[in-house]
$ cat protein-v2.txt   # compact mmCIF, C-alpha atoms and all ligand atoms
# COMPACT_ATOMS: atom_id res chain seq x y z
CA MET H 923 -127.52 29.73 100.36
CA ALA H 924 -131.14 29.50 101.32
CA LYS H 925 -133.66 31.22 99.13
CA GLN H 926 -134.59 34.58 100.51
CA THR H 927 -138.20 35.04 101.49
CA ASP H 928 -140.33 37.75 99.92
CA LEU H 929 -140.24 39.67 103.15
CA GLU H 930 -136.47 39.51 103.40
CA LEU H 931 -136.27 40.82 99.87
CA TYR H 932 -138.76 43.55 100.63
CA GLU H 933 -136.69 44.69 103.62
CA LEU H 934 -133.62 44.86 101.37
CA ILE H 935 -135.58 46.80 98.73
CA LYS H 936 -136.33 49.39 101.38
CA THR H 937 -132.59 49.90 101.71
CA LYS H 938 -132.43 50.44 97.92
CA ASP H 939 -130.83 47.10 97.20
CA LYS H 940 -131.19 46.75 93.45
CA SER H 941 -130.45 43.06 93.27
CA ALA H 942 -133.21 42.38 95.79
CA LEU H 943 -135.71 44.13 93.55
CA GLU H 944 -134.38 42.19 90.56
CA THR H 945 -134.85 38.93 92.41
CA LEU H 946 -138.35 39.83 93.44
CA TYR H 947 -139.07 40.91 89.88
CA SER H 948 -137.95 37.55 88.52
CA ARG H 949 -140.03 35.75 91.09
CA TYR H 950 -143.24 37.57 90.24
CA GLU H 951 -142.84 38.73 86.65
CA LYS H 952 -144.95 36.04 85.09
CA LEU H 953 -147.72 36.00 87.68
CA LEU H 954 -148.14 39.76 87.80
CA TYR H 955 -147.79 40.23 84.05
CA SER H 956 -150.33 37.52 83.33
CA PHE H 957 -152.69 39.10 85.80
CA ALA H 958 -152.20 42.61 84.44
CA TYR H 959 -152.74 41.27 80.95
CA ARG H 960 -156.03 39.67 81.92
CA MET H 961 -157.14 42.85 83.61
CA THR H 962 -156.26 45.17 80.73
CA ASN H 963 -156.41 42.72 77.80
CA ASP H 964 -153.57 44.65 76.23
CA LYS H 965 -149.89 43.74 76.22
CA GLN H 966 -148.67 47.30 76.16
CA ALA H 967 -150.97 48.28 79.00
CA ALA H 968 -149.89 45.24 81.00
CA GLU H 969 -146.28 46.31 80.70
CA GLU H 970 -147.20 49.80 81.85
CA VAL H 971 -148.88 48.24 84.85
CA MET H 972 -145.72 46.28 85.63
CA GLN H 973 -143.72 49.45 85.48
CA ASP H 974 -146.12 51.22 87.77
CA VAL H 975 -146.12 48.40 90.30
CA PHE H 976 -142.35 48.09 90.50
CA VAL H 977 -141.80 51.82 90.63
CA LYS H 978 -144.18 51.94 93.60
CA LEU H 979 -142.42 49.05 95.22
CA TRP H 980 -139.05 50.72 94.75
CA ARG H 981 -140.28 53.99 96.18
CA GLY H 982 -141.82 52.11 99.08
CA ARG H 983 -144.27 54.85 99.94
CA GLY H 984 -148.05 55.12 99.74
CA ALA H 985 -149.44 52.24 97.72
CA GLY H 986 -145.97 50.72 97.54
CA HIS H 987 -145.57 50.43 101.29
CA TYR H 988 -146.23 46.95 102.62
CA VAL H 989 -147.15 46.19 106.19
CA LYS H 990 -148.02 42.76 107.55
CA GLU H 991 -151.56 43.84 108.32
CA ARG H 992 -152.19 43.87 104.58
CA GLY H 993 -151.99 40.10 104.53
CA LYS H 994 -149.64 37.86 102.63
CA PHE H 995 -147.01 39.67 100.60
CA SER H 996 -147.94 37.94 97.35
CA SER H 997 -151.64 38.82 97.84
CA TRP H 998 -150.67 42.39 98.50
CA LEU H 999 -148.60 42.47 95.29
CA LEU H 1000 -151.59 41.18 93.36
CA THR H 1001 -153.76 43.84 94.96
CA ILE H 1002 -151.51 46.69 93.94
CA THR H 1003 -151.25 45.15 90.47
CA ARG H 1004 -155.02 45.04 90.24
CA ASN H 1005 -155.29 48.64 91.44
CA ALA H 1006 -152.68 49.79 88.94
CA SER H 1007 -154.59 47.98 86.17
CA ILE H 1008 -157.88 49.56 87.17
CA ASP H 1009 -156.21 52.93 87.29
CA LEU H 1010 -154.87 52.51 83.78
CA LEU H 1011 -158.22 51.29 82.47
CA ARG H 1012 -159.84 54.38 83.92
CA LYS H 1013 -157.32 56.67 82.25
CA LYS H 1014 -157.77 54.91 78.93
CA LYS H 1015 -161.50 55.27 79.22
CA VAL H 1016 -161.17 59.00 79.77
CA GLN H 1017 -158.99 59.24 76.69
CA GLU H 1018 -161.43 57.25 74.60
CA VAL H 1019 -164.22 59.52 75.67
CA GLU H 1020 -162.08 62.43 74.69
CA TRP H 1021 -161.41 61.06 71.22
CA ASP H 1022 -164.81 59.68 70.42
CA GLY H 1023 -166.91 62.46 71.83
CA ARG H 1024 -169.73 62.21 74.25
CA ASP H 1025 -171.64 59.46 72.51
CA SER H 1026 -169.34 56.72 73.62
CA LEU H 1027 -170.31 57.52 77.19
CA ASN H 1028 -173.67 55.97 76.55
CA GLU H 1029 -172.45 52.97 74.67
CA ASP H 1030 -172.96 49.65 76.25
CA LEU H 1031 -169.99 48.19 77.98
CA PRO H 1032 -168.31 45.33 76.25
CA GLY H 1033 -169.61 42.03 77.49
CA VAL H 1034 -167.62 39.81 79.74
CA GLU H 1035 -166.52 37.88 76.66
CA GLN H 1036 -164.62 40.79 75.23
CA VAL H 1037 -163.19 42.02 78.45
CA ILE H 1038 -161.58 38.83 79.52
CA GLU H 1039 -161.17 37.29 76.09
CA ASP H 1040 -158.02 35.32 76.09
CA LYS H 1041 -156.51 35.20 72.66
CA GLU H 1042 -154.50 32.16 73.57
CA GLU H 1043 -156.48 29.53 75.36
CA ARG H 1044 -159.41 29.42 77.68
CA ASP H 1045 -158.48 28.95 81.26
CA GLN H 1046 -160.28 27.71 84.33
CA LEU H 1047 -161.36 31.16 85.28
CA ARG H 1048 -162.98 31.76 81.93
CA ASN H 1049 -164.73 28.41 82.06
CA ALA H 1050 -166.02 29.07 85.53
CA ILE H 1051 -167.30 32.54 84.65
CA ASP H 1052 -169.10 31.15 81.62
CA THR H 1053 -171.16 28.87 83.82
CA LEU H 1054 -172.55 31.77 85.85
CA PRO H 1055 -175.89 33.40 85.05
CA ASP H 1056 -175.55 36.54 82.93
CA GLU H 1057 -176.20 38.87 85.81
CA GLN H 1058 -173.39 37.39 87.86
CA GLN H 1059 -171.03 37.41 84.90
CA ARG H 1060 -171.75 41.08 84.52
CA MET H 1061 -171.06 41.75 88.20
CA ILE H 1062 -167.69 40.01 87.95
CA CYS H 1063 -166.88 41.97 84.83
CA LEU H 1064 -167.88 45.38 86.17
CA PHE H 1065 -166.58 44.95 89.68
CA TYR H 1066 -163.55 42.73 89.34
CA PHE H 1067 -162.22 43.34 85.85
CA GLN H 1068 -163.22 46.94 85.29
CA GLY H 1069 -162.94 48.05 88.89
CA LEU H 1070 -165.94 50.34 88.69
CA SER H 1071 -167.30 52.23 91.66
CA GLN H 1072 -170.43 51.20 93.49
CA ARG H 1073 -172.33 54.04 91.88
CA GLU H 1074 -171.17 53.15 88.38
CA ILE H 1075 -172.17 49.54 88.85
CA ALA H 1076 -175.58 50.57 90.14
CA GLU H 1077 -176.10 52.79 87.11
CA LYS H 1078 -174.90 50.29 84.52
CA CYS H 1079 -177.08 47.55 85.98
CA ASP H 1080 -179.96 49.80 86.90
CA ILE H 1081 -180.10 48.53 90.46
CA PRO H 1082 -180.28 50.40 93.77
CA LEU H 1083 -176.93 51.54 95.15
CA GLY H 1084 -177.48 49.62 98.36
CA THR H 1085 -177.78 46.27 96.61
CA VAL H 1086 -174.47 46.43 94.75
CA LYS H 1087 -172.37 45.01 97.57
CA GLY H 1088 -174.65 42.03 98.08
CA ARG H 1089 -174.73 41.19 94.39
CA VAL H 1090 -170.99 41.46 94.02
CA ARG H 1091 -170.54 39.18 96.98
CA LEU H 1092 -173.00 36.64 95.61
CA ALA H 1093 -171.33 36.62 92.20
CA LEU H 1094 -167.89 36.16 93.73
CA LYS H 1095 -169.19 33.37 95.94
CA LYS H 1096 -170.73 31.53 93.02
CA LEU H 1097 -167.59 31.99 90.98
CA ARG H 1098 -165.53 30.54 93.74
CA GLU H 1099 -167.82 27.53 94.07
CA HIS H 1100 -167.41 26.81 90.38
CA LEU H 1101 -163.69 27.25 90.53
CA GLU H 1102 -163.39 24.86 93.42
CA LYS H 1103 -165.68 22.34 91.77
CA GLU H 1104 -163.58 22.26 88.64
CA GLY H 1105 -160.56 22.37 90.86
CA GLY H 1106 -157.71 20.26 89.70
CA ILE H 1107 -154.96 22.59 90.65
CA VAL H 1108 -153.69 23.10 94.13
CA HIS H 1109 -153.39 26.70 95.10
CA GLU H 1110 -150.98 28.17 97.42
CA ARG H 1111 -152.94 30.04 100.03
CA MET C 13 -172.50 50.23 113.29
CA ASN C 14 -174.27 50.86 110.04
CA ASP C 15 -173.14 54.39 109.38
CA LYS C 16 -172.32 55.98 106.06
CA TYR C 17 -168.90 54.37 105.87
CA CYS C 18 -170.24 50.82 105.87
CA GLY C 19 -171.48 51.44 102.34
CA LYS C 20 -168.01 52.23 101.05
CA ILE C 21 -166.42 48.81 101.03
CA ILE C 22 -166.81 48.30 97.28
CA ASP C 23 -165.23 51.63 96.52
CA TYR C 24 -162.49 50.95 99.05
CA ILE C 25 -161.63 47.63 97.43
CA ASN C 26 -161.63 49.13 93.96
CA ASP C 27 -159.47 52.00 95.14
CA GLN C 28 -162.10 54.55 94.20
CA LEU C 29 -161.93 56.72 97.30
CA THR C 30 -160.00 59.96 97.60
CA ASP C 31 -157.09 59.92 100.02
CA LYS C 32 -159.22 61.64 102.59
CA GLU C 33 -162.15 59.25 102.21
CA LYS C 34 -159.76 56.34 102.34
CA GLN C 35 -158.28 57.52 105.63
CA GLU C 36 -161.75 58.01 107.05
CA PHE C 37 -162.81 54.59 105.91
CA GLU C 38 -159.74 52.94 107.40
CA LYS C 39 -160.43 54.69 110.67
CA HIS C 40 -163.99 53.43 110.57
CA LEU C 41 -162.78 49.96 109.69
CA ASN C 42 -160.82 49.78 112.91
CA GLU C 43 -163.97 50.34 114.88
CA CYS C 44 -166.54 48.42 112.84
CA PRO C 45 -166.53 44.63 113.16
CA ASP C 46 -169.17 44.34 110.42
CA CYS C 47 -166.93 46.05 107.90
CA GLN C 48 -163.89 44.07 108.99
CA GLU C 49 -165.76 40.86 108.45
CA GLU C 50 -167.20 41.88 105.10
CA LEU C 51 -163.90 43.17 103.82
CA GLN C 52 -162.17 39.99 104.87
CA GLU C 53 -164.81 37.90 103.16
CA LEU C 54 -164.64 39.83 99.90
CA GLU C 55 -160.86 39.77 99.90
CA ASP C 56 -160.86 36.04 100.51
CA LEU C 57 -163.30 35.53 97.67
CA MET C 58 -161.17 37.60 95.32
CA GLY C 59 -157.82 36.49 96.63
CA ASP C 60 -157.07 33.47 94.52
CA ILE C 61 -158.87 34.42 91.32
CA PRO C 62 -155.52 35.20 89.64
CA SER C 63 -154.30 31.67 90.28
CA TYR C 64 -156.97 30.35 87.91
CA MET C 65 -155.72 32.44 85.02
CA ASN C 66 -153.45 31.01 82.37
CA GLU C 67 -149.96 32.34 82.37
CA VAL C 68 -149.03 34.69 79.61
CA THR C 69 -145.47 35.00 78.41
CA PRO C 70 -144.12 38.51 78.92
CA PRO C 71 -142.84 40.29 75.80
CA PRO C 72 -139.11 40.12 75.14
CA GLY C 73 -137.07 42.83 76.81
CA MET C 74 -139.74 43.77 79.31
CA ARG C 75 -137.58 42.94 82.29
CA GLU C 76 -134.90 45.38 81.19
CA ARG C 77 -137.33 48.10 80.26
CA VAL C 78 -139.17 47.90 83.55
CA LEU C 79 -136.10 47.69 85.74
CA ASP C 80 -134.33 50.48 83.86
CA GLU C 81 -137.30 52.72 84.40
CA VAL C 82 -137.50 51.81 88.07
CA PHE C 83 -133.84 52.46 88.76
CA SER C 84 -133.84 55.69 86.81
CA GLU C 85 -136.08 56.94 89.60
CA GLU C 86 -133.33 56.43 92.06
CA ASP C 87 -131.60 59.75 91.85
CA SER C 88 -134.60 61.89 91.19
CA LYS C 89 -135.27 62.66 94.83
CA SER C 90 -138.68 61.09 94.80
CA ASP C 91 -138.91 61.37 98.56
CA GLU C 92 -139.15 65.10 98.40
CA PRO C 93 -142.58 66.68 98.60
CA LEU C 94 -142.07 68.04 95.15
CA ARG C 95 -142.50 65.72 92.27
CA ILE C 96 -140.90 66.48 88.98
CA GLU C 97 -143.39 65.09 86.55
CA LYS C 98 -143.01 64.10 82.99
CA ASN C 99 -143.20 66.88 80.51
CA ALA C 100 -146.72 66.47 79.24
CA ARG C 101 -145.81 67.40 75.71
CA THR C 102 -142.98 65.04 75.01
CA GLY C 103 -144.44 62.47 77.37
CA LYS C 104 -141.09 60.83 77.86
CA TRP C 105 -139.05 61.43 80.95
CA LYS C 106 -135.93 60.05 79.36
CA ALA C 107 -136.20 62.15 76.24
CA TRP C 108 -136.78 65.16 78.39
CA ALA C 109 -133.85 64.45 80.65
CA GLY C 110 -131.65 63.92 77.62
CA ALA C 111 -132.68 67.19 76.11
CA LEU C 112 -132.06 68.94 79.36
CA ALA C 113 -128.61 67.51 79.63
CA ALA C 114 -127.70 68.25 76.07
CA GLY C 115 -128.67 71.79 76.67
CA LEU C 116 -131.36 71.87 74.05
CA LEU C 117 -133.11 74.57 75.89
CA LEU C 118 -134.26 78.09 75.32
CA SER C 119 -136.56 79.65 72.96
CA ILE C 120 -138.24 82.54 74.45
CA GLY C 121 -135.34 84.40 75.88
CA VAL C 122 -134.74 86.36 78.96
CA ASN C 123 -137.24 88.96 77.88
CA VAL C 124 -140.07 86.63 78.87
CA PHE C 125 -139.82 87.83 82.35
CA THR C 126 -139.28 91.49 81.66
CA GLY C 127 -141.91 93.48 83.39
CA ILE C 128 -141.87 91.24 86.36
CA GLN C 129 -141.82 93.22 89.46
CA LEU C 130 -139.23 91.49 91.41
CA ASN C 131 -139.94 93.56 94.44
CA GLN C 132 -143.28 91.74 94.68
CA LEU C 133 -141.34 88.89 96.06
CA ALA C 134 -141.71 89.36 99.71
CA SER C 135 -140.85 87.24 102.66
CA GLN C 136 -143.74 84.83 102.20
CA ASN C 137 -141.66 83.20 99.53
CA GLU C 138 -139.14 81.90 101.95
CA LYS C 139 -140.63 78.47 102.00
CA LEU C 140 -140.78 78.27 98.24
CA GLU C 141 -137.24 79.43 97.95
CA SER C 142 -135.97 76.79 100.27
CA ASN C 143 -137.72 74.23 98.07
CA LEU C 144 -136.01 75.79 95.13
CA THR C 145 -132.67 74.77 96.48
CA ASP C 146 -133.81 71.15 96.47
CA ILE C 147 -134.86 71.41 92.89
CA GLN C 148 -131.63 72.99 91.88
CA VAL C 149 -129.79 70.15 93.50
CA ALA C 150 -132.02 67.63 91.75
CA LEU C 151 -131.57 69.35 88.42
CA SER C 152 -127.85 69.61 88.64
CA GLU C 153 -127.56 66.01 89.73
CA LEU C 154 -129.69 64.98 86.83
CA GLN C 155 -127.52 66.96 84.53
CA GLU C 156 -124.30 65.61 85.90
CA ARG C 157 -125.54 62.12 85.42
CA GLN C 158 -126.21 62.71 81.78
CA THR C 159 -123.25 64.71 80.64
CA ASP C 160 -119.80 65.77 81.63
CA GLN C 161 -120.14 69.31 80.42
CA SER C 162 -122.53 70.40 83.10
CA SER C 163 -123.22 74.05 83.41
CA PRO C 164 -124.13 75.63 86.72
CA VAL C 165 -127.78 76.30 87.35
CA LYS C 166 -128.74 79.71 88.55
CA PRO C 167 -132.19 81.20 88.89
CA SER C 168 -132.45 84.40 86.92
CA GLN C 169 -135.90 85.87 87.10
CA ARG C 170 -139.01 84.94 88.95
CA THR C 171 -142.60 85.96 89.32
CA GLN C 172 -145.18 85.20 91.90
CA LEU C 173 -148.33 83.29 90.96
CA ALA C 174 -151.44 84.50 92.70
CA SER C 175 -154.52 82.46 93.53
CA THR C 176 -157.51 83.22 91.30
CA GLY C 177 -160.30 81.35 93.06
CA GLU C 178 -161.46 80.21 96.43
CA GLY C 179 -159.07 77.28 96.35
CA GLY C 180 -156.20 79.34 97.72
CA GLY C 181 -152.60 78.42 97.17
CA GLU C 182 -149.69 80.36 95.81
CA GLY C 183 -146.77 79.74 93.56
CA LEU C 184 -143.56 80.93 92.12
CA ALA C 185 -142.37 80.81 88.52
CA THR C 186 -138.63 80.91 88.08
CA LEU C 187 -136.60 81.11 84.95
CA ILE C 188 -133.43 79.14 85.41
CA GLU C 189 -130.55 80.32 83.28
CA ARG C 190 -127.99 77.94 82.03
CA LYS C 191 -125.00 78.47 79.88
CA ILE C 192 -126.89 77.45 76.79
CA GLY C 193 -130.51 77.91 77.60
CA GLN C 194 -133.39 78.21 79.96
CA GLU C 195 -135.64 76.16 82.07
CA LEU C 196 -138.93 77.26 83.55
CA LEU C 197 -139.54 76.12 87.09
CA ILE C 198 -142.96 76.28 88.73
CA GLN C 199 -143.40 75.67 92.42
CA VAL C 200 -146.62 75.81 94.33
CA GLN C 201 -147.88 75.38 97.84
CA ASP C 202 -151.24 75.07 99.62
CA LEU C 203 -153.13 74.02 96.50
CA ALA C 204 -156.33 72.02 96.88
CA GLN C 205 -156.03 68.23 96.82
CA LEU C 206 -156.32 66.48 93.48
CA GLU C 207 -158.78 63.68 93.02
CA GLY C 208 -158.82 60.74 90.67
CA ASP C 209 -156.95 61.53 87.47
CA GLU C 210 -156.73 65.23 88.06
CA VAL C 211 -153.45 67.03 87.54
CA TYR C 212 -152.28 70.58 87.81
CA GLN C 213 -151.27 71.88 84.41
CA VAL C 214 -149.05 74.85 83.68
CA TRP C 215 -149.89 77.05 80.68
CA LEU C 216 -147.91 79.74 78.95
CA ILE C 217 -150.34 82.16 77.39
CA ASP C 218 -149.70 84.14 74.24
CA GLY C 219 -152.67 86.45 73.65
CA GLU C 220 -155.63 84.07 73.74
CA THR C 221 -153.61 80.97 73.12
CA PRO C 222 -152.53 78.81 76.02
CA GLU C 223 -149.75 76.30 75.48
CA PRO C 224 -149.18 73.44 77.89
CA ALA C 225 -145.94 73.81 79.81
CA GLY C 226 -145.72 70.78 82.07
CA SER C 227 -148.02 69.19 84.59
CA PHE C 228 -147.56 68.11 88.17
CA MET C 229 -149.27 66.57 91.14
CA THR C 230 -149.20 67.80 94.68
CA ASP C 231 -148.36 66.08 97.92
CA ALA C 232 -150.66 65.83 100.93
CA SER C 233 -149.97 69.41 101.92
CA GLY C 234 -150.60 70.81 98.47
CA ASN C 235 -146.95 71.32 97.49
CA GLY C 236 -145.76 70.56 94.01
CA ALA C 237 -143.28 71.52 91.36
CA VAL C 238 -142.46 71.00 87.73
CA THR C 239 -139.75 72.12 85.35
CA PHE C 240 -140.29 72.82 81.70
CA THR C 241 -137.74 73.27 78.96
CA LEU C 242 -138.36 76.32 76.83
CA GLU C 243 -138.13 75.22 73.25
CA GLU C 244 -135.99 76.69 70.57
CA ASP C 245 -138.62 78.24 68.40
CA GLY C 246 -137.52 81.76 67.90
CA ASN C 247 -138.28 84.83 69.90
CA LYS C 248 -141.67 83.89 71.11
CA SER C 249 -142.93 85.94 74.03
CA TRP C 250 -145.72 85.23 76.45
CA ASP C 251 -148.28 87.42 78.13
CA ALA C 252 -149.13 85.35 81.14
CA ILE C 253 -148.53 82.13 82.95
CA ALA C 254 -151.29 80.13 84.59
CA VAL C 255 -151.89 76.91 86.47
CA SER C 256 -155.18 75.08 86.05
CA LYS C 257 -156.64 71.97 87.61
CA GLU C 258 -157.35 69.56 84.77
CA PRO C 259 -159.65 66.54 85.00
CA GLN C 260 -156.96 64.38 83.39
CA PRO C 261 -153.37 64.66 82.20
CA ASN C 262 -152.23 65.65 78.71
CA ASN C 263 -154.94 68.12 77.83
CA THR C 264 -153.82 70.38 75.03
CA THR C 265 -156.26 73.12 75.91
CA PRO C 266 -157.47 73.97 79.40
CA GLN C 267 -160.67 72.25 80.49
CA GLY C 268 -160.44 72.90 84.19
CA ASP C 269 -160.44 76.06 86.24
CA ILE C 270 -157.43 78.33 86.49
CA VAL C 271 -156.19 78.27 90.07
CA LEU C 272 -153.06 80.41 89.90
CA GLN C 273 -151.87 83.00 87.45
CA SER C 274 -149.62 85.91 86.78
CA GLU C 275 -149.07 88.41 84.00
CA LEU C 276 -145.64 88.38 82.52
ZN ZN V 1201 -168.88 49.65 108.98
$ encode --input "protein-v2.txt" --output "C-alpha cells"
Amino acid sequence: MAKQTDLELYELIKTKDKSALETLYSRYEKLLYSFAYRMTNDKQAAEEVMQDVFVKLWRGRGAGHYVKERGKFSSWLLTITRNASIDLLRKKKVQEVEWDGRDSLNEDLPGVEQVIEDKEERDQLRNAIDTLPDEQQRMICLFYFQGLSQREIAEKCDIPLGTVKGRVRLALKKLREHLEKEGGIVHER
Amino acid sequence: MNDKYCGKIIDYINDQLTDKEKQEFEKHLNECPDCQEELQELEDLMGDIPSYMNEVTPPPGMRERVLDEVFSEEDSKSDEPLRIEKNARTGKWKAWAGALAAGLLLSIGVNVFTGIQLNQLASQNEKLESNLTDIQVALSELQERQTDQSSPVKPSQRTQLASTGEGGGEGLATLIERKIGQELLIQVQDLAQLEGDEVYQVWLIDGETPEPAGSFMTDASGNGAVTFTLEEDGNKSWDAIAVSKEPQPNNTTPQGDIVLQSEL
C-alpha cells in the first residue's frame, strides 16, 4: 500500500480516525518535539507543547484547522508548534513573575546563549546564530525564540516601534545567509 | 496602503493579536499587497530554521501520554460552545474525572443553596437551560465511561448570577444532585471576550474568603461553562458565588474584576 500523504491523513483525522492521527504523530514526533524543545529549552514543556499541538489537530478547529492557503502542511504544523511554544513560554513567564515578585520584571532577559543552549551538541543553527552581530542575535532571540510582541521588542532593545519589523527582517536574512553558506544538508522545501 | 494594520505583521506572526485584531488583520491582508509580500518574505525566512536544529530524542512514553490525552478529548463534546475546563485546583482533568465517577463529591450540602429565590428564574434563562441539557449529557457520558454504577444526574437548585460591571453578561449556578454527592455547575452567556492568558474564574465566598471553584474560557459569543466538585470537608456553607476575569489561570485569590455574582 502506498504511503498516505499528510493531507490524506489530515482528511481522515477530520473524520476522527485515530490511526490516522497516530500515523501522523509518528511521522512528526521527532521533528516537532525537537523544535518545541529548542523553543522552550525544557523537556517537560516540550511535551506539553506536543500535547497542545495534537489536541488542536484532533479537534480540528481554530488553530488546529488547516487550509491549503496556509502553505505546506509540514510548515503549518511547525507554525502551530511554534505558537504553542510561545504561548507556554508566556504563561511560564507570568508564573515566574508571580513567584518572584515585581523585581524580576526588570531583570535582563537571558542572552541568546541561555535561551537556545543545547545541552547535547551544537547544531548548525547555533553556529550560524553565533556568527551574527550581537544586535541581530538578540533580535532572533526575542522575536523568534521568545515570540515577543513588537512593543516588547522595542522596549527591550530601546528602539522605536516602527523599526522593529525592519530589524527582525534583517536579522532573519543574515541568519539565512549564514545557514546557506554553511549548508551541507539538503532541506526539503 | 500603509494604514495602521501594516504595522501588525510582527504581532500577527507571533500570534500576539486578539481574535478580533487577528480577523481585522487578515481582512486587511487580503487587500494589501505590501503586507502579503512582507508576510511571505518573513515566513520564507523563518520557514526552514527548524531544519537546522539537531534532533532531540523524545522522552520514553511520550507517545502514549500524548495520544491518550488527545483521545480522552473525544467524548467530551469539545465542539459545543461550552468548554468544560480543568478544575483549577487539582489541575488534572483525569484525576477530576475519576473523582467525579467514583462519586467523591459533596461537602457543603444542599443547604448551600437555601435562600435562593427560585422564582427569580424567569424566562430569560431558557437559553442557559437548553445548554444545561448538553452538559448533563456530557456529564453522564463521562460518568458512564468511568464506572458501571452510574447514578442519574438531576439539577436540584439553581441561582442566577447577575452582572456587576459594564461588561454585561449573565449566568446560572446549578447544584447537581447525585446519589452520593453534588456538583456545582456554572454557565454563562454574553461575557466579554478574554484576551491573552485571561480566564474566567469561579469563586465560592465564605465571609471575606474566596475559594477558587473552577475556571473556564468563553467562546466567540461569550458562552462558557464549568463544573466543580464540592469537596468532602464537612458542613461548610458559603455566602456568595462570584465569577471574576483573571489575568491568568490558577490564581488562588482574585486579582481581576468580579463580573458576575450572586448571594447564596
Ligand atoms: Zn498592509
$ residues_near_ligand --input "protein-v2.txt" --ligand "ligand ZN 1201 (chain V)" --cutoff "8 Å" --atoms "all atoms listed in the file" --output "VMD selection string"
chain C and resid 13 to 19 40 to 41 43 to 48
$ interface_residues --input "protein-v2.txt" --of "chain C" --to "chain H" --cutoff "10 Å" --atoms "all atoms listed in the file" --output "mmCIF file with C-alpha atoms, in the coordinates of the input"
data_model
loop_
_atom_site.group_PDB
_atom_site.id
_atom_site.type_symbol
_atom_site.label_atom_id
_atom_site.label_comp_id
_atom_site.auth_asym_id
_atom_site.auth_seq_id
_atom_site.Cartn_x
_atom_site.Cartn_y
_atom_site.Cartn_z
ATOM 1 C CA GLY C 19 -171.480 51.440 102.340
ATOM 2 C CA LYS C 20 -168.010 52.230 101.050
ATOM 3 C CA ILE C 21 -166.420 48.810 101.030
ATOM 4 C CA ILE C 22 -166.810 48.300 97.280
ATOM 5 C CA ASP C 23 -165.230 51.630 96.520
ATOM 6 C CA TYR C 24 -162.490 50.950 99.050
ATOM 7 C CA ILE C 25 -161.630 47.630 97.430
ATOM 8 C CA ASN C 26 -161.630 49.130 93.960
ATOM 9 C CA ASP C 27 -159.470 52.000 95.140
ATOM 10 C CA GLN C 28 -162.100 54.550 94.200
ATOM 11 C CA LEU C 29 -161.930 56.720 97.300
ATOM 12 C CA GLU C 50 -167.200 41.880 105.100
ATOM 13 C CA GLU C 53 -164.810 37.900 103.160
ATOM 14 C CA LEU C 54 -164.640 39.830 99.900
ATOM 15 C CA GLU C 55 -160.860 39.770 99.900
ATOM 16 C CA ASP C 56 -160.860 36.040 100.510
ATOM 17 C CA LEU C 57 -163.300 35.530 97.670
ATOM 18 C CA MET C 58 -161.170 37.600 95.320
ATOM 19 C CA GLY C 59 -157.820 36.490 96.630
ATOM 20 C CA ASP C 60 -157.070 33.470 94.520
ATOM 21 C CA ILE C 61 -158.870 34.420 91.320
ATOM 22 C CA PRO C 62 -155.520 35.200 89.640
ATOM 23 C CA SER C 63 -154.300 31.670 90.280
ATOM 24 C CA TYR C 64 -156.970 30.350 87.910
ATOM 25 C CA MET C 65 -155.720 32.440 85.020
ATOM 26 C CA ASN C 66 -153.450 31.010 82.370
ATOM 27 C CA GLU C 67 -149.960 32.340 82.370
ATOM 28 C CA VAL C 68 -149.030 34.690 79.610
ATOM 29 C CA THR C 69 -145.470 35.000 78.410
ATOM 30 C CA PRO C 70 -144.120 38.510 78.920
ATOM 31 C CA PRO C 71 -142.840 40.290 75.800
ATOM 32 C CA MET C 74 -139.740 43.770 79.310
ATOM 33 C CA ARG C 75 -137.580 42.940 82.290
ATOM 34 C CA GLU C 76 -134.900 45.380 81.190
ATOM 35 C CA ARG C 77 -137.330 48.100 80.260
ATOM 36 C CA VAL C 78 -139.170 47.900 83.550
ATOM 37 C CA LEU C 79 -136.100 47.690 85.740
ATOM 38 C CA ASP C 80 -134.330 50.480 83.860
ATOM 39 C CA GLU C 81 -137.300 52.720 84.400
ATOM 40 C CA VAL C 82 -137.500 51.810 88.070
ATOM 41 C CA PHE C 83 -133.840 52.460 88.760
ATOM 42 C CA SER C 84 -133.840 55.690 86.810
ATOM 43 C CA GLU C 85 -136.080 56.940 89.600
ATOM 44 C CA GLU C 86 -133.330 56.430 92.060
ATOM 45 C CA SER C 90 -138.680 61.090 94.800
ATOM 46 C CA ASP C 91 -138.910 61.370 98.560
ATOM 47 C CA GLY C 208 -158.820 60.740 90.670
ATOM 48 C CA ASP C 209 -156.950 61.530 87.470
ATOM 49 C CA PRO C 259 -159.650 66.540 85.000
ATOM 50 C CA GLN C 260 -156.960 64.380 83.390
ATOM 51 C CA PRO C 261 -153.370 64.660 82.200
ATOM 52 C CA ASN C 262 -152.230 65.650 78.710
ATOM 53 C CA ASN C 263 -154.940 68.120 77.830
#
$ atom_distance --input "protein-v2.txt" --atom1 "atom CA of Leu1064 of chain H" --atom2 "atom CA of Asp964 of chain H"
17.4 Å
$ residues_around --input "protein-v2.txt" --residues "Glu210 of chain C" --least-positions-apart "4" --cutoff "10 Å" --atoms "all atoms listed in the file" --output "list of chain:residue names"
C:Gln205, C:Leu206, C:Phe228, C:Met229, C:Lys257, C:Glu258, C:Pro259, C:Gln260, C:Pro261, C:Gly268
$ residues_around --input "protein-v2.txt" --residues "segment 216-227 of chain C" --least-positions-apart "2" --cutoff "6 Å" --atoms "all atoms listed in the file" --output "number ranges by chain"
C: 99-100, 212-214, 240, 250-253
$ atom_distance --input "protein-v2.txt" --atom1 "atom CA of Asn963 of chain H" --atom2 "atom CA of Ile1062 of chain H"
15.4 Å
$ atom_distance --input "protein-v2.txt" --atom1 "atom CA of Ala232 of chain C" --atom2 "atom CA of Asp31 of chain C"
8.8 Å
$ residues_around --input "protein-v2.txt" --residues "Asp928 of chain H" --least-positions-apart "3" --cutoff "9 Å" --atoms "all atoms listed in the file" --output "MDAnalysis selection string"
chainID H and resid 931:933 946 995:996
$ closest_residue --input "protein-v2.txt" --among "C:Thr230, C:Glu275, C:Asn235, C:Pro266" --to "Ser249 of chain C" --atoms "all atoms listed in the file"
C:Glu275
$ residues_near_point --input "protein-v2.txt" --point "(-176.8, 39.4, 85.2)" --cutoff "12 Å" --atoms "only C-alpha atoms" --output "list in words"
Gly1033, Val1034, Ile1051, Asp1052, Leu1054, Pro1055, Asp1056, Glu1057, Gln1058, Gln1059, Arg1060, Met1061, Ile1062, Cys1063, Leu1064, Ile1075, Lys1078, Cys1079, Asp1080, Ile1081, Arg1089, Val1090, Leu1092 and Ala1093 of chain H
